[in-house]
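Notes follow the structure.
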Amino acid sequence: MDNPEIARIFDEVADVLEIQGANTFRIRAYRNAVRTVESLTTPLRKWVEENRPLTDLPGIGKEMANHVREMVETGTLGFRDELLAEVPRSLIELMRLPNLGPKKAKKIYDELKIGSVDELEAAAKAGLIAAVPGFGAKSQEKILAGIAEYRQHGSRFLLPQAERAVEPLLGYLRESPGLERLEVAGSYRRRKETVGDIDLLAIASQPVPVMERFRGYPQVDKVLNAGDTKSTVVLGSGLQVDLRVVPADCYGAALVYFTGSKEHNVKLRRRAVEKGLRISEYGVFREQPDGEGEWIAGREEADVYATVGLAWIPPELREDRGEIEAAAAGRLPDLIRVQDLRGDLHMHSTWSDGRNSIEEMVTACAARGYEYMVISDHSKSLSMTGGLDAYRLRLQWHEIDQVRSRHPEIRVLRAMEVDILGDGSLDLEDEMLAGLDLVLVSLHSRLDLPGEQQTARVLKALEHPEVNVFCHPTARLINRRKPVDMDLDLVLRRAAELGVAVELNSSPNRLDLKDTHLKLARELGCKVVIDTDAHRTAELDLMRYGVEQARRAGLTAGDVLNTLPFETFWKAIQR
DNA sequence: GCCGTTTTCGGCCCGACTGTTTTCAGTCG
């Protein structure tokens, strides 16, 4: 049983416990275990096999460790099966609907024996829900609206999709009379790879006209909430947007609060409590003997952090992955920025599936101020992309030579994104590999191999002495394709030993390696590069998404090879 | 259910809104 499966089962246990009204802290313990398991890169199976104490993991105590062992050894969890005998699994789906939590889902099930979304919809349409004690006509309507919403937009928005909706809205809102500040908070500000909805925060001398202007935005599809200081709308794109107007005195506190993450905020508050303080979205308060709190800070985010002895923490780090401890110790990393990059190491041209010629890509890279760049078209087995065989690759080298002579302002390296074949061998002859400046390798096929085979396949490819970079290592497509089953921990360790760099692919559909994996790669001493995998000149600008993901991993410019000047880069990328 | 050199027991983050209520539970962020 692999880690995602174990995490899913723990999550399911937490869901059922919630429906049963179990102790909230016990439920939280299971959710914490989910988080720990999800962020692990070593298979728990290995921990069990090697007898490593599972209780070393945060949030894993005696009971959770027993659960993990049972799942690894038997492929199931008896405790979960017992729970599911009492509560049908379909109730969990009901709980996922907006405005329907564990208590109400249970109530509906008890009263009407409804356990699925379809049945719920039928009952609501028949007016049966309004008759259940504790429900009314309004709740019935909301349930129907929630079901429609749920069906239309189950998955989250990719960052660029959200940006396309949010940027014009921000421009529109900035025209509001009396608006003093406006910022996006939430996972969008933390630059998470996907966002569920958008939280906007503003200061305005007169909140009401700002609210009215917001609700009157032409792209608004429907208004869910219309208050004087808070409104919620759904845009035509299906993206839900919240706008809150807060007083200037608590803007910083509100920004911290609504930026999250939840886990970050929880730890921040706990730290405040230890110091006799209380942090809410209204500010930082010192507890008084009479129970009243004295307001002591809240105007700026930095003020809030300062009250608990912390430096301001960049939003990308706010996930409770050690950033609070780092801030307390004065060891926050100086995060990498887009302008630190001196070269793009992965892109395609018309020689395979790119849209632009080599010359156009070179001109575009030079225009972005890069010192060096890498042309890396596909290899022959990826025939749908027009991948190159040895003969065409030589022709391409000839063209690269010609383009080089016309563009002395930038160094053009010849590379190839060579397919890793099913058996771990490479899709190009050794003498051709030797003629390349850099060899990039990727998985594009047989992505469903069982874990051990996939791991062995990748390890074999990395052993090849000509290989320099392992591209989009997990091959995931966000919201569309799961990562391959592979022992990433082992692969990264071996890559570090061999001196093979791992890629952070900046395509917003991939962002592979992702934040937690990158962090691990750095800890294991892996070389890391960030590149775009551009298939047209405009996609060279995707670099910023990669950089944002790297920032979430806590990477500095010093952690990324292609921030180096060419000569040092060239030495560093050799194995 | 987890956690801890101030604790192995008693903690575990905070506030508002909504709809349904005659005083509040449930849900959300």
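Letters for chains follow the order of the structure tokens (A, B, ...), residue numbers begin at 1 for each chain, and ligand numbers begin at 1 in the order shown.
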Exercise for review: Would you kindly report the residues of chain B within 10 Å of chain A, using only C-alpha atoms (C1' of nucleotides), as a list in words?
Suggested key: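 Close enough to count are DG1, DC2, DC3, DC12, DC13, DC14, DG15, DT18, DG19, DT20, DT21, DA25, DG26, DT27, DC28 and DG29 of chain B.
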Exercise for review: Run DSSP on the backbone and give me the residues of region 321-363 of chain A it puts in strand (DSSP E or B), as a list of chain:residue names.
Suggested key: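 Filtering region 321-363 of chain A down to strand (DSSP E or B) leaves A:Leu335, A:Gly343, A:Asp344, A:Met347.
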Practice item. Please identify which residues in region 468-524 of chain A DSSP calls alpha helix (DSSP H) from the backbone, and express them as a PyMOL selection string. Key: chain A and resi 488-498+515-523
Check your understanding: For the atom pair CA of Met543 (chain A) and CA of Leu159 (chain A), what is the interatomic distance in Å to one decimal place?
Key ->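 For CA of Met543 (chain A) relative to CA of Leu159 (chain A), the distance reads 13.3 Å.
Of note, CA of Asp485 (chain A) and CA of Gln453 (chain A) are spaced 9.1 Å apart.
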Exercise for review: Select, from A:Lys192, A:Arg342, A:Ala306, A:Glu70, the residue with the minimum atom-to-atom distance to Ala327 (chain A), counting only C-alpha atoms.
Suggested key: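 Checking each candidate against Ala327 (chain A), we get A:Ala306 as the closest.
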Practice item. Provide the CA of Arg575 (chain A) to CA of Asn562 (chain A) distance in Å, to one decimal place. Key: 15.3 Å
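For Val87 (chain A), the non-local neighbours within 12 Å, defined as residues at least 2 positions apart in the same chain or in other chains and counting only C-alpha atoms (C1' of nucleotides), are Glu12, Val13, Asp15, Val16, Leu17, Glu18, Ile19, Gln20, Gly21, Arg80, Asp81, Glu82, Leu83, Leu84, Ala85, Arg89, Ser90, Leu91, Ile92, Glu93, Pro102, Ala105, Lys106, Tyr109, Asp110, Lys113, Ile114 and Gly115 of chain A.
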Let's have the selection written as an mmCIF file, in the first residue's frame, with C-alpha atoms.
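Final output, part_15.cif:
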data_model
loop_
_atom_site.group_PDB
_atom_site.id
_atom_site.type_symbol
_atom_site.label_atom_id
_atom_site.label_comp_id
_atom_site.auth_asym_id
_atom_site.auth_seq_id
_atom_site.Cartn_x
_atom_site.Cartn_y
_atom_site.Cartn_z
ATOM 1 C CA GLU A 12 -11.669 8.741 5.466
ATOM 2 C CA VAL A 13 -11.397 7.715 9.114
ATOM 3 C CA ASP A 15 -14.446 12.028 7.932
ATOM 4 C CA VAL A 16 -16.397 9.193 9.518
ATOM 5 C CA LEU A 17 -15.343 10.208 13.017
ATOM 6 C CA GLU A 18 -16.600 13.687 12.223
ATOM 7 C CA ILE A 19 -19.967 12.357 11.110
ATOM 8 C CA GLN A 20 -20.153 10.330 14.299
ATOM 9 C CA GLY A 21 -19.427 13.421 16.343
ATOM 10 C CA ARG A 80 -11.679 1.877 9.018
ATOM 11 C CA ASP A 81 -13.771 -1.143 7.995
ATOM 12 C CA GLU A 82 -15.512 -1.125 11.379
ATOM 13 C CA LEU A 83 -16.329 2.553 10.996
ATOM 14 C CA LEU A 84 -17.671 2.081 7.488
ATOM 15 C CA ALA A 85 -19.983 -0.622 8.773
ATOM 16 C CA ARG A 89 -19.023 5.856 2.653
ATOM 17 C CA SER A 90 -21.352 7.869 0.391
ATOM 18 C CA LEU A 91 -22.178 10.117 3.372
ATOM 19 C CA ILE A 92 -18.647 11.415 3.121
ATOM 20 C CA GLU A 93 -19.424 12.778 -0.327
ATOM 21 C CA PRO A 102 -20.830 16.335 9.097
ATOM 22 C CA ALA A 105 -25.197 15.182 6.485
ATOM 23 C CA LYS A 106 -25.772 12.775 9.374
ATOM 24 C CA TYR A 109 -29.165 10.394 6.529
ATOM 25 C CA ASP A 110 -30.881 9.564 9.816
ATOM 26 C CA LYS A 113 -32.001 7.505 4.721
ATOM 27 C CA ILE A 114 -30.307 9.614 2.062
ATOM 28 C CA GLY A 115 -26.706 8.745 1.468
#
Need to verify the contact set: Met373 (chain A), 6 Å, only C-alpha atoms (C1' of nucleotides), exclusion of same-chain residues closer than 3 positions in sequence. Can you return it as an mmCIF file with N, CA and C atoms, in the first residue's frame?
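Contents of the output file around-v1.cif:
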data_model
loop_
_atom_site.group_PDB
_atom_site.id
_atom_site.type_symbol
_atom_site.label_atom_id
_atom_site.label_comp_id
_atom_site.auth_asym_id
_atom_site.auth_seq_id
_atom_site.Cartn_x
_atom_site.Cartn_y
_atom_site.Cartn_z
ATOM 1 N N GLY A 343 19.620 31.727 -17.203
ATOM 2 C CA GLY A 343 19.464 30.902 -18.388
ATOM 3 C C GLY A 343 18.254 29.995 -18.253
ATOM 4 N N ASP A 344 17.709 29.594 -19.403
ATOM 5 C CA ASP A 344 16.589 28.652 -19.425
ATOM 6 C C ASP A 344 17.118 27.362 -20.042
ATOM 7 N N LEU A 345 16.909 26.247 -19.353
ATOM 8 C CA LEU A 345 17.599 25.016 -19.724
ATOM 9 C C LEU A 345 16.735 23.976 -20.426
ATOM 10 N N VAL A 412 24.270 29.538 -26.785
ATOM 11 C CA VAL A 412 23.231 28.553 -27.099
ATOM 12 C C VAL A 412 23.811 27.149 -26.969
#
As a CSV table (one decimal) with N, CA and C atoms, in the first residue's frame, please: the residues near region 435-452 of chain A (cut-off 8 Å, only C-alpha atoms (C1' of nucleotides), same-chain neighbours under 2 positions excluded).
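And here's around_27.csv as it stands now:
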chain,number,residue,atom,x,y,z
A,376,SER,N,16.3,22.0,-26.5
A,376,SER,CA,16.2,20.6,-26.1
A,376,SER,C,14.9,19.9,-26.7
A,382,LEU,N,9.2,9.6,-29.3
A,382,LEU,CA,8.0,10.4,-29.1
A,382,LEU,C,7.6,10.9,-30.5
A,413,LEU,N,23.3,26.4,-26.0
A,413,LEU,CA,23.7,25.0,-25.8
A,413,LEU,C,22.8,24.0,-26.6
A,414,ARG,N,23.5,23.0,-27.1
A,414,ARG,CA,22.7,22.0,-27.8
A,414,ARG,C,22.4,20.8,-26.9
A,415,ALA,N,21.2,20.5,-26.7
A,415,ALA,CA,20.8,19.4,-25.8
A,415,ALA,C,19.6,18.6,-26.5
A,416,MET,N,19.1,17.7,-25.8
A,416,MET,CA,17.9,17.0,-26.2
A,416,MET,C,17.2,16.5,-25.0
A,417,GLU,N,15.9,16.5,-25.1
A,417,GLU,CA,15.1,15.9,-24.0
A,417,GLU,C,14.9,14.4,-24.5
A,418,VAL,N,15.8,13.6,-24.0
A,418,VAL,CA,15.8,12.2,-24.4
A,418,VAL,C,14.8,11.3,-23.6
A,419,ASP,N,14.0,10.6,-24.3
A,419,ASP,CA,13.0,9.7,-23.6
A,419,ASP,C,13.7,8.6,-22.9
A,420,ILE,N,13.2,8.3,-21.7
A,420,ILE,CA,13.7,7.1,-21.0
A,420,ILE,C,12.8,6.0,-21.5
A,421,LEU,N,13.3,5.0,-22.1
A,421,LEU,CA,12.5,3.9,-22.6
A,421,LEU,C,12.0,3.0,-21.5
A,422,GLY,N,11.1,2.1,-21.9
A,422,GLY,CA,10.5,1.3,-20.9
A,422,GLY,C,11.5,0.5,-20.0
A,426,LEU,N,18.2,4.7,-22.9
A,426,LEU,CA,17.9,6.0,-23.5
A,426,LEU,C,17.6,6.0,-25.0
A,431,GLU,N,27.0,7.6,-29.0
A,431,GLU,CA,27.9,8.6,-29.6
A,431,GLU,C,27.2,9.9,-29.9
A,432,MET,N,25.9,9.9,-30.1
A,432,MET,CA,25.2,11.1,-30.2
A,432,MET,C,25.1,11.8,-28.9
A,433,LEU,N,24.8,11.1,-27.9
A,433,LEU,CA,24.7,11.6,-26.5
A,433,LEU,C,25.9,12.4,-26.2
A,454,GLN,N,9.2,1.1,-11.9
A,454,GLN,CA,9.4,2.5,-12.4
A,454,GLN,C,10.7,3.0,-11.7
A,455,THR,N,10.8,2.7,-10.5
A,455,THR,CA,12.0,3.2,-9.8
A,455,THR,C,13.3,2.7,-10.4
A,456,ALA,N,13.3,1.4,-10.7
A,456,ALA,CA,14.4,0.7,-11.3
A,456,ALA,C,14.7,1.3,-12.7
A,461,ALA,N,18.3,4.8,-15.9
A,461,ALA,CA,18.6,5.9,-16.9
A,461,ALA,C,19.6,6.9,-16.2
A,466,GLU,N,26.2,10.0,-19.4
A,466,GLU,CA,26.0,11.3,-20.2
A,466,GLU,C,24.8,12.1,-19.6
A,467,VAL,N,24.0,11.6,-18.7
A,467,VAL,CA,22.8,12.3,-18.3
A,467,VAL,C,23.1,13.4,-17.3
A,468,ASN,N,22.6,14.6,-17.6
A,468,ASN,CA,22.8,15.8,-16.8
A,468,ASN,C,21.6,16.2,-15.9
A,469,VAL,N,20.4,16.1,-16.6
A,469,VAL,CA,19.2,16.6,-15.9
A,469,VAL,C,18.1,15.6,-16.0
A,470,PHE,N,17.4,15.4,-14.9
A,470,PHE,CA,16.2,14.5,-14.9
A,470,PHE,C,15.0,15.5,-14.9
A,471,CYS,N,14.2,15.5,-16.0
A,471,CYS,CA,13.2,16.5,-16.2
A,471,CYS,C,11.8,16.0,-15.6
A,472,HIS,N,11.0,17.0,-15.2
A,472,HIS,CA,9.7,16.7,-14.6
A,472,HIS,C,9.6,15.3,-14.0
A,473,PRO,N,10.3,15.1,-12.9
A,473,PRO,CA,10.5,13.7,-12.4
A,473,PRO,C,9.3,12.9,-12.2
A,475,ALA,N,6.2,13.3,-13.5
A,475,ALA,CA,5.4,13.3,-14.7
A,475,ALA,C,3.9,13.6,-14.4
A,484,VAL,N,3.8,9.5,-11.2
A,484,VAL,CA,4.1,8.1,-11.3
A,484,VAL,C,4.4,7.5,-10.0
A,485,ASP,N,4.2,6.2,-9.9
A,485,ASP,CA,4.5,5.5,-8.7
A,485,ASP,C,6.0,5.2,-8.7
A,486,MET,N,6.7,5.8,-7.8
A,486,MET,CA,8.2,5.7,-7.8
A,486,MET,C,8.7,6.1,-6.4
A,487,ASP,N,9.8,5.5,-6.0
A,487,ASP,CA,10.4,5.8,-4.7
A,487,ASP,C,11.3,7.1,-4.9
